[in-house]
file coords-v6.pdb (PDB, C-alpha atoms)
ATOM      1  CA  LEU A  27      -0.224 -20.532 -49.270
ATOM      2  CA  ALA A  28      -0.850 -19.036 -52.706
ATOM      3  CA  ALA A  29      -2.842 -16.168 -51.222
ATOM      4  CA  ALA A  30      -0.194 -15.411 -48.586
ATOM      5  CA  ARG A  31       2.625 -15.651 -51.131
ATOM      6  CA  ARG A  32       0.853 -13.089 -53.282
ATOM      7  CA  LEU A  33       1.242 -10.682 -50.350
ATOM      8  CA  ASP A  34       4.656 -11.919 -49.164
ATOM      9  CA  PRO A  35       6.712 -14.177 -51.482
ATOM     10  CA  ALA A  36       8.858 -15.308 -48.520
ATOM     11  CA  VAL A  37       5.982 -17.256 -46.923
ATOM     12  CA  ALA A  38       7.025 -20.921 -46.710
ATOM     13  CA  THR A  39       4.818 -22.546 -44.054
ATOM     14  CA  LEU A  40       1.131 -22.724 -43.161
ATOM     15  CA  PRO A  41       1.643 -20.887 -39.823
ATOM     16  CA  GLN A  42       3.463 -18.088 -41.698
ATOM     17  CA  SER A  43       0.600 -17.983 -44.169
ATOM     18  CA  ALA A  44      -1.936 -17.685 -41.351
ATOM     19  CA  ALA A  45       0.025 -14.795 -39.834
ATOM     20  CA  VAL A  46       0.367 -12.915 -43.141
ATOM     21  CA  LEU A  47      -3.280 -13.258 -44.084
ATOM     22  CA  THR A  48      -4.564 -12.423 -40.624
ATOM     23  CA  ALA A  49      -2.426  -9.344 -39.897
ATOM     24  CA  PRO A  50      -3.877  -6.957 -42.549
ATOM     25  CA  ALA A  51      -7.440  -7.748 -41.536
ATOM     26  CA  VAL A  52      -6.663  -7.256 -37.853
ATOM     27  CA  LEU A  53      -5.235  -3.830 -38.605
ATOM     28  CA  ALA A  54      -8.092  -2.919 -40.973
ATOM     29  CA  ALA A  55     -10.845  -3.944 -38.553
ATOM     30  CA  PRO A  56      -9.868  -2.529 -35.153
ATOM     31  CA  ARG A  57     -13.466  -2.728 -33.883
ATOM     32  CA  THR A  58     -13.614  -6.473 -34.480
ATOM     33  CA  ASP A  59     -13.293  -8.620 -31.363
ATOM     34  CA  TRP A  60     -10.342 -10.836 -32.252
ATOM     35  CA  SER A  61     -10.345 -12.779 -28.979
ATOM     36  CA  GLY A  62     -10.275 -16.521 -29.514
ATOM     37  CA  LEU A  63      -8.996 -16.306 -33.109
ATOM     38  CA  ARG A  64      -6.662 -19.208 -33.793
ATOM     39  CA  LEU A  65      -5.693 -20.112 -37.345
ATOM     40  CA  VAL A  66      -3.490 -23.173 -37.238
ATOM     41  CA  ASN A  67      -3.284 -23.340 -41.033
ATOM     42  CA  HIS A  68      -5.405 -22.738 -44.101
ATOM     43  CA  SER A  69      -5.963 -26.324 -45.132
ATOM     44  CA  GLY A  70      -9.311 -26.669 -43.411
ATOM     45  CA  LEU A  71      -8.070 -29.860 -41.800
ATOM     46  CA  SER A  72      -7.625 -28.779 -38.202
ATOM     47  CA  ALA A  73     -10.181 -29.017 -35.433
ATOM     48  CA  ALA A  74      -7.831 -26.769 -33.411
ATOM     49  CA  SER A  75      -8.558 -23.623 -35.477
ATOM     50  CA  ARG A  76     -11.114 -21.191 -34.112
ATOM     51  CA  ILE A  77     -12.789 -18.232 -35.832
ATOM     52  CA  THR A  78     -16.152 -16.533 -35.476
ATOM     53  CA  PRO A  79     -18.308 -15.487 -38.445
ATOM     54  CA  ALA A  80     -17.621 -11.818 -37.570
ATOM     55  CA  GLN A  81     -13.878 -12.491 -37.602
ATOM     56  CA  ALA A  82     -14.154 -14.320 -40.940
ATOM     57  CA  MET A  83     -15.990 -11.340 -42.430
ATOM     58  CA  ALA A  84     -13.359  -8.932 -41.078
ATOM     59  CA  LEU A  85     -10.661 -11.056 -42.707
ATOM     60  CA  ILE A  86     -12.546 -11.003 -45.998
ATOM     61  CA  ARG A  87     -13.084  -7.225 -45.822
ATOM     62  CA  GLY A  88      -9.428  -6.683 -44.939
ATOM     63  CA  ALA A  89      -7.993  -9.096 -47.484
ATOM     64  CA  GLY A  90      -8.175  -6.716 -50.405
ATOM     65  CA  PRO A  91      -8.787  -7.393 -54.091
ATOM     66  CA  ALA A  92      -5.545  -9.332 -54.704
ATOM     67  CA  VAL A  93      -6.453 -11.975 -52.128
ATOM     68  CA  LEU A  94     -10.195 -11.988 -52.847
ATOM     69  CA  ALA A  95      -9.420 -12.745 -56.505
ATOM     70  CA  LEU A  96      -7.785 -15.980 -55.340
ATOM     71  CA  LEU A  97     -10.920 -17.289 -53.635
ATOM     72  CA  PRO A  98     -12.142 -20.291 -55.591
ATOM     73  CA  GLY A  99     -15.565 -20.608 -57.161
ATOM     74  CA  GLU A 100     -15.776 -24.121 -55.780
ATOM     75  CA  ASP A 101     -16.263 -25.966 -52.527
ATOM     76  CA  GLU A 102     -14.754 -29.423 -52.087
ATOM     77  CA  GLY A 103     -14.256 -29.649 -55.856
ATOM     78  CA  LYS A 104     -17.892 -28.776 -56.623
ATOM     79  CA  VAL A 105     -18.663 -25.583 -58.529
ATOM     80  CA  LEU A 106     -20.422 -22.922 -56.485
ATOM     81  CA  PRO A 107     -23.235 -20.845 -58.005
ATOM     82  CA  PRO A 108     -22.103 -18.155 -60.468
ATOM     83  CA  GLY A 109     -20.793 -15.075 -58.681
ATOM     84  CA  VAL A 110     -19.823 -16.915 -55.479
ATOM     85  CA  ARG A 111     -16.139 -16.838 -54.492
ATOM     86  CA  ALA A 112     -15.371 -18.377 -51.124
ATOM     87  CA  LYS A 113     -13.038 -20.268 -48.819
ATOM     88  CA  SER A 114     -14.473 -23.495 -47.512
ATOM     89  CA  GLY A 115     -13.636 -25.544 -44.477
ATOM     90  CA  THR A 116     -15.026 -29.018 -43.946
ATOM     91  CA  LEU A 117     -14.471 -31.536 -41.181
ATOM     92  CA  ALA A 118     -16.715 -34.224 -39.801
ATOM     93  CA  TYR A 119     -19.487 -32.315 -37.983
ATOM     94  CA  ALA A 120     -18.176 -28.918 -39.156
ATOM     95  CA  LYS A 121     -18.934 -27.025 -42.375
ATOM     96  CA  ALA A 122     -17.959 -23.461 -43.205
ATOM     97  CA  LEU A 123     -17.982 -21.250 -46.257
ATOM     98  CA  ALA A 124     -17.062 -17.567 -46.222
ATOM     99  CA  GLY A 125     -16.546 -15.180 -49.091
ATOM    100  CA  THR A 126     -18.429 -12.945 -51.457
ATOM    101  CA  LEU A 127     -21.463 -13.421 -53.666
ATOM    102  CA  THR A 128     -23.146 -11.379 -56.348
ATOM    103  CA  THR A 129     -26.910 -11.097 -55.928
ATOM    104  CA  ALA A 130     -29.454 -11.301 -58.745
ATOM    105  CA  ASN A 131     -29.581  -7.494 -58.823
ATOM    106  CA  GLY A 132     -25.780  -7.186 -59.027
ATOM    107  CA  ARG A 133     -24.886  -6.312 -55.429
ATOM    108  CA  VAL A 134     -21.654  -7.850 -54.152
ATOM    109  CA  LEU A 135     -22.014  -8.975 -50.546
ATOM    110  CA  GLY A 136     -19.852 -10.788 -48.038
ATOM    111  CA  PHE A 137     -21.157 -13.842 -46.206
ATOM    112  CA  ALA A 138     -20.050 -16.357 -43.615
ATOM    113  CA  PHE A 139     -21.835 -19.707 -43.218
ATOM    114  CA  PHE A 140     -20.761 -21.811 -40.236
ATOM    115  CA  VAL A 141     -22.545 -24.904 -38.997
ATOM    116  CA  THR A 142     -21.124 -27.346 -36.491
ATOM    117  CA  ASP A 143     -22.052 -29.941 -33.931
ATOM    118  CA  GLU A 144     -19.332 -29.408 -31.357
ATOM    119  CA  GLU A 145     -20.478 -32.243 -29.073
ATOM    120  CA  ARG A 146     -20.399 -34.858 -31.840
ATOM    121  CA  ARG A 147     -17.083 -33.530 -33.161
ATOM    122  CA  ALA A 148     -15.499 -33.697 -29.692
ATOM    123  CA  ALA A 149     -16.876 -37.199 -29.115
ATOM    124  CA  MET A 150     -15.514 -38.366 -32.460
ATOM    125  CA  ASP A 151     -12.097 -36.838 -31.726
ATOM    126  CA  ARG A 152     -11.980 -38.685 -28.381
ATOM    127  CA  THR A 153     -12.819 -42.082 -29.874
ATOM    128  CA  MET A 154     -11.611 -42.085 -33.485
ATOM    129  CA  ASP A 155      -8.531 -44.082 -34.381
ATOM    130  CA  ARG A 156      -6.303 -41.518 -36.188
ATOM    131  CA  ARG A 157      -4.919 -44.261 -38.428
ATOM    132  CA  ILE A 158      -8.349 -44.571 -40.050
ATOM    133  CA  ALA A 159      -8.926 -41.857 -42.640
ATOM    134  CA  GLU A 160     -12.584 -42.701 -43.247
ATOM    135  CA  ILE A 161     -15.084 -40.639 -41.286
ATOM    136  CA  PRO A 162     -18.079 -42.434 -39.764
ATOM    137  CA  ALA A 163     -21.225 -42.857 -41.874
ATOM    138  CA  GLU A 164     -23.304 -40.711 -39.505
ATOM    139  CA  ALA A 165     -20.774 -37.862 -39.862
ATOM    140  CA  ARG A 166     -20.944 -38.161 -43.667
ATOM    141  CA  ALA A 167     -24.759 -37.987 -43.478
ATOM    142  CA  TRP A 168     -24.482 -34.899 -41.239
ATOM    143  CA  LEU A 169     -22.235 -33.245 -43.862
ATOM    144  CA  VAL A 170     -24.750 -34.011 -46.634
ATOM    145  CA  ARG A 171     -27.406 -32.134 -44.641
ATOM    146  CA  ALA A 172     -25.004 -29.253 -43.926
ATOM    147  CA  ARG A 173     -24.098 -28.963 -47.634
ATOM    148  CA  LYS A 174     -27.810 -28.888 -48.541
ATOM    149  CA  LEU A 175     -28.435 -26.113 -46.012
ATOM    150  CA  GLN A 176     -25.461 -24.191 -47.397
ATOM    151  CA  ALA A 177     -26.707 -24.556 -50.992
ATOM    152  CA  ASP A 178     -30.234 -23.482 -50.023
ATOM    153  CA  LEU A 179     -28.948 -20.405 -48.188
ATOM    154  CA  LEU A 180     -26.694 -19.369 -51.072
ATOM    155  CA  GLU A 181     -29.615 -19.693 -53.484
ATOM    156  CA  LEU A 182     -31.842 -17.599 -51.196
ATOM    157  CA  TRP A 183     -29.190 -14.929 -50.644
ATOM    158  CA  ILE A 184     -28.383 -14.641 -54.354
ATOM    159  CA  ALA A 185     -32.044 -14.390 -55.382
ATOM    160  CA  GLY A 186     -33.368 -12.227 -52.612
ATOM    161  CA  LEU A 187     -30.795  -9.686 -51.457
TER
END
call {"tool": "encode", "arguments": {"input": "coords-v6.pdb", "output": "structure tokens"}}
result
Amino acid sequence: LAAARRLDPAVATLPQSAAVLTAPAVLAAPRTDWSGLRLVNHSGLSAASRITPAQAMALIRGAGPAVLALLPGEDEGKVLPPGVRAKSGTLAYAKALAGTLTTANGRVLGFAFFVTDEERRAAMDRTMDRRIAEIPAEARAWLVRARKLQADLLELWIAGL
């Protein structure tokens, strides 16, 4: 909401925020295939949202400096490596991080990291009691592995690009 309100102070809801933040990127990236894009909100807490890595990068490119400056240097409350500013999204069996990073030689690059196990996520959604906030232990273990992969890739990209 903070990012959308920086562009349009009248934004009051998450759907309005999604529309405001998506529209400039759609206009700025006409060659991007926007089919299937569905941003329910920006909380990262919806399995109903859909975005491809290419669409995420188009949104980042189209966001402009005012919005990019709002990207946090953290993911789930943990500090990201220096020079990494990104939006995270984490659900059981789904991990995403998209933003910008500064390489060891000073280049600023965009990146989109998405990893998911759609079958396990769908199975969990079918069987999980929504009154229980705790995710299953196997899903937590999956997220630990996904976070490790994300950290390793960021380290590689920062050092080697």
call {"tool": "residues_around", "arguments": {"input": "coords-v6.pdb", "residues": "A:Ile86", "least_positions_apart": "3", "cutoff": "10 Å", "atoms": "all atoms listed in the file", "output": "NGL selection string"}}
result
:A and (47-48 or 51 or 80-83 or 89-91 or 93-94 or 112-113 or 124-126 or 136-138)
call {"tool": "closest_residue", "arguments": {"input": "coords-v6.pdb", "among": "A:Pro107, A:Arg166, A:Ala73, A:Lys174", "to": "A:Ala148", "atoms": "all atoms listed in the file"}}
result
A:Ala73
call {"tool": "atom_distance", "arguments": {"input": "coords-v6.pdb", "atom1": "atom CA of A:Arg32", "atom2": "atom CA of A:Thr78"}}
result
24.9 Å
call {"tool": "residues_around", "arguments": {"input": "coords-v6.pdb", "residues": "A:Leu27", "least_positions_apart": "5", "cutoff": "8 Å", "atoms": "all atoms listed in the file", "output": "list in words"}}
result
Val37, Ala38, Thr39, Leu40, Ser43 and His68 of chain A
call {"tool": "write_last_selection", "arguments": {"input": "coords-v6.pdb", "atoms": "C-alpha atoms", "output": "compact mmCIF listing (two decimals), in the coordinates of the input"}}
result
# COMPACT_ATOMS: atom_id res chain seq x y z
CA VAL A 37 5.98 -17.26 -46.92
CA ALA A 38 7.02 -20.92 -46.71
CA THR A 39 4.82 -22.55 -44.05
CA LEU A 40 1.13 -22.72 -43.16
CA SER A 43 0.60 -17.98 -44.17
CA HIS A 68 -5.40 -22.74 -44.10
call {"tool": "resolve_selection", "arguments": {"input": "coords-v6.pdb", "expression": "the PyMOL selection byres ((chain A and resi 140) around 8)", "output": "PyMOL selection string"}}
result
chain A and resi 79+120-123+138-139+141-142
call {"tool": "residues_around", "arguments": {"input": "coords-v6.pdb", "residues": "stretch 152-163 of chain A", "least_positions_apart": "5", "cutoff": "12 Å", "atoms": "only C-alpha atoms", "output": "CSV table (one decimal) with C-alpha atoms, in the frame of the given file"}}
result
chain,number,residue,atom,x,y,z
A,116,THR,CA,-15.0,-29.0,-43.9
A,117,LEU,CA,-14.5,-31.5,-41.2
A,118,ALA,CA,-16.7,-34.2,-39.8
A,119,TYR,CA,-19.5,-32.3,-38.0
A,145,GLU,CA,-20.5,-32.2,-29.1
A,146,ARG,CA,-20.4,-34.9,-31.8
A,147,ARG,CA,-17.1,-33.5,-33.2
A,168,TRP,CA,-24.5,-34.9,-41.2
A,169,LEU,CA,-22.2,-33.2,-43.9
A,170,VAL,CA,-24.8,-34.0,-46.6
call {"tool": "atom_distance", "arguments": {"input": "coords-v6.pdb", "atom1": "atom CA of A:Leu182", "atom2": "atom CA of A:Thr129"}}
result
9.4 Å
call {"tool": "atom_distance", "arguments": {"input": "coords-v6.pdb", "atom1": "atom CA of A:Leu33", "atom2": "atom CA of A:Leu106"}}
result
25.6 Å
call {"tool": "closest_residue", "arguments": {"input": "coords-v6.pdb", "among": "A:Asp143, A:Asp34, A:Asp59, A:Asp101", "to": "A:Arg173", "atoms": "all atoms listed in the file"}}
result
A:Asp101
call {"tool": "closest_residue", "arguments": {"input": "coords-v6.pdb", "among": "A:Ala84, A:Ala45, A:Ala74, A:Ala29", "to": "A:Glu144", "atoms": "all atoms listed in the file"}}
result
A:Ala74
call {"tool": "resolve_selection", "arguments": {"input": "coords-v6.pdb", "expression": "the PyMOL selection byres ((chain A and resi 186) around 9)", "output": "MDAnalysis selection string"}}
result
chainID A and resid 129:131 181:185 187
call {"tool": "resolve_selection", "arguments": {"input": "coords-v6.pdb", "expression": "the PyMOL selection byres ((chain A and resi 75) around 8)", "output": "JSON, numbers by chain"}}
result
{"A": [63, 64, 65, 66, 67, 72, 73, 74, 76, 77]}
